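First the structure, in the form of structure tokens, and then the observations on it.
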Amino acid sequence: ILSLAIETSCDETSAAVLKNGREVKSNIIMSQIDIHKKFGGVVPEVASRNHVQDINPVIKEALDTAGVSFRDLDIISVTYGPGLVGALLVGLASAKALAYALDIPLVGVHHIEGHIAANYIAHEKLEPPFICLVVSGGHTHLVKVADYGKYEILGRTRDDAAGEAYDKVARAIGLGYPGGPLIDKLAKEGNPHAISFPRTYLEEGSYDFSFSGLKSAVLNYLNGMKMKAEPINEADVAASFQEAVIEVLSAKLIRACKEHGLKQAAIAGGVSANSALRERLETMCKKEEIDFYYPPLMLCTDNAAMIGSAGYYEYVNGYTSSLDLNAKPGLRLGDK
Ligand code: ATP
Ligand code: MG
Ligand code: FE
């Protein structure tokens, strides 16, 4: 099965060609980060307009790089939610037009299922069941992947997403956007135990997360130091904040594996690019004899290859979408 996959849920215009679920022939990503940087975050209307401008060239480049033509394609996969509605609609309209013109099936894909599927591309042998920690710009989910396309949400954030917390704290420290990679880098020069920020585990046994308390604690710390006119060690703040985040994320992922009797753990989404999180989980999983999986950096953040992988498994499970498929900005994991 040869598929073309399209992803436009946020600020990356991306198209990919895949053979079956794991063989990536091309994965073209046109990022708008430089455009949104000057606003300190993604501006939805600007994102939509840039998707419109970039989508056709990006699709063409994906086909050219893969060395295939439209006629070779068997299915079209596309992200239809969650995300920015105006951004989603651009990819969706292109995908529907192609599916109609080529008379091939359209497969609507959940963006977060795509993030999880990035691990299938990276790890040839990975098969469900496994526990996946999805940590991205807008989502924080602890998911039991029972089978391809079958998800059980064990926990989710009750307020900010992990990536959102990184971005907000980065802004408070005075770093740029997006903040995750900048905090990651700065934290390497700091002491993770310099400042004691709160770890939010919530009720005993809960797999939910909460990051707004931590974010406020960091802001209060920064304000307090400014009031006292004491110097702020930004690297220590970054490292201590990051330590508080990864300690909770790692602990809950490991506990979920143990409680569900699973020996495979994965991470996905933009924050899974975080070097400290990867290192911590590498160590903890080794100790617990759990196989640990994470995607390469390029497959952690938004890209169409991951959508193609998830779409392929949806398709072989007998699921296709009709041409009246609409964008669903608030689509929940596991829903159609
Ligand atoms: P969602 O997938 O929830 O709709 P999104 O697509 O905007 O949101 P992603 O592209 O998955 O999010 O990830 C972007 C997020 O990942 C940003 O918040 C960014 O700061 C964060 N991020 C990227 N690299 C790192 C890193 N090395 N460490 C921590 N966070 C990171
Ligand atoms: Mg993005
Ligand atoms: Fe994403």
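Going through the structure tokens in order, the chains are called A, B, and so on, while each chain numbers its residues from 1 and the ligands are numbered from 1 in the order shown.
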Excluding A:Glu127 and any residue of its chain fewer than 6 positions from it, enumerate the residues within 10 Å of it, using only C-alpha atoms, and give them as a count of residues only.
7
All residues within 6 Å of ligand 1 are required, counting only C-alpha atoms and all ligand atoms; please report them as a list in words.
Cys10, Gly83, Ser136, Gly137, Gly138, His139, Gly163, Glu164, Tyr166, Asp167, Pro178, Gly179, Gly180, Pro181, Asp184, Gly269, Gly270, Val271, Ala273, Asn274, Thr301 and Asp302 of chain A
Pick out the closest residue to A:Ile173 from this set: A:Val237, A:Met225, A:Leu84, A:Ile112. Count only C-alpha atoms.
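Comparing A:Val237, A:Met225, A:Leu84, A:Ile112 against A:Ile173, the winner is A:Val237.
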Residues within 6 Å of A:His111, please, as a VMD selection string. Count only C-alpha atoms; anything in the same chain fewer than 2 positions from it doesn't count.
chain A and resid 79 81 113 to 114
Take the selection from the previous step and output its residues with C-alpha atoms, as a short mmCIF file (atom, residue, chain, number, x, y, z; two decimals), in the first residue's frame.
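In the end it all went to again_27.cif:
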```cif
data_model
loop_
_atom_site.label_atom_id
_atom_site.label_comp_id
_atom_site.auth_asym_id
_atom_site.auth_seq_id
_atom_site.Cartn_x
_atom_site.Cartn_y
_atom_site.Cartn_z
CA THR A 79 -5.00 14.84 10.03
CA GLY A 81 -8.18 16.87 14.42
CA GLU A 113 -2.47 8.81 17.13
CA GLY A 114 0.03 10.08 14.59
#
```
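Close contacts of stretch 46-53 of chain A, defined as residues with an atom at most 6 Å away when counting only C-alpha atoms, with chain neighbours fewer than 5 positions off set aside, comprise Asp11, Thr13, Gly86 and Ala87 of chain A.
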Atomic distance atom CA of A:Gly213 - atom CA of A:Leu182, expressed in Å with one decimal:
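Interatomic distance, atom CA of A:Gly213 to atom CA of A:Leu182: 21.3 Å.
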Who sits within 12 Å of stretch 150-160 of chain A, only C-alpha atoms, same chain under 6 positions skipped, as a PyMOL selection string:
chain A and resi 110+112-113+116-117+128-144+166-169+200-202+205-216+245+248-249+252-253+255-257+259-260+310+313-314+317+332-336
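In this structure, atom CA of A:Glu243 sits 25.0 Å away from atom CA of A:Lys228.
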Report as a VMD selection string all protein, DNA and RNA residues lying within 12 Å of A:Lys96, evaluated on only C-alpha atoms, omitting residues in the same chain fewer than 6 positions from it.
chain A and resid 4 to 6 75 to 80 89 to 90 102 to 108 321 to 327
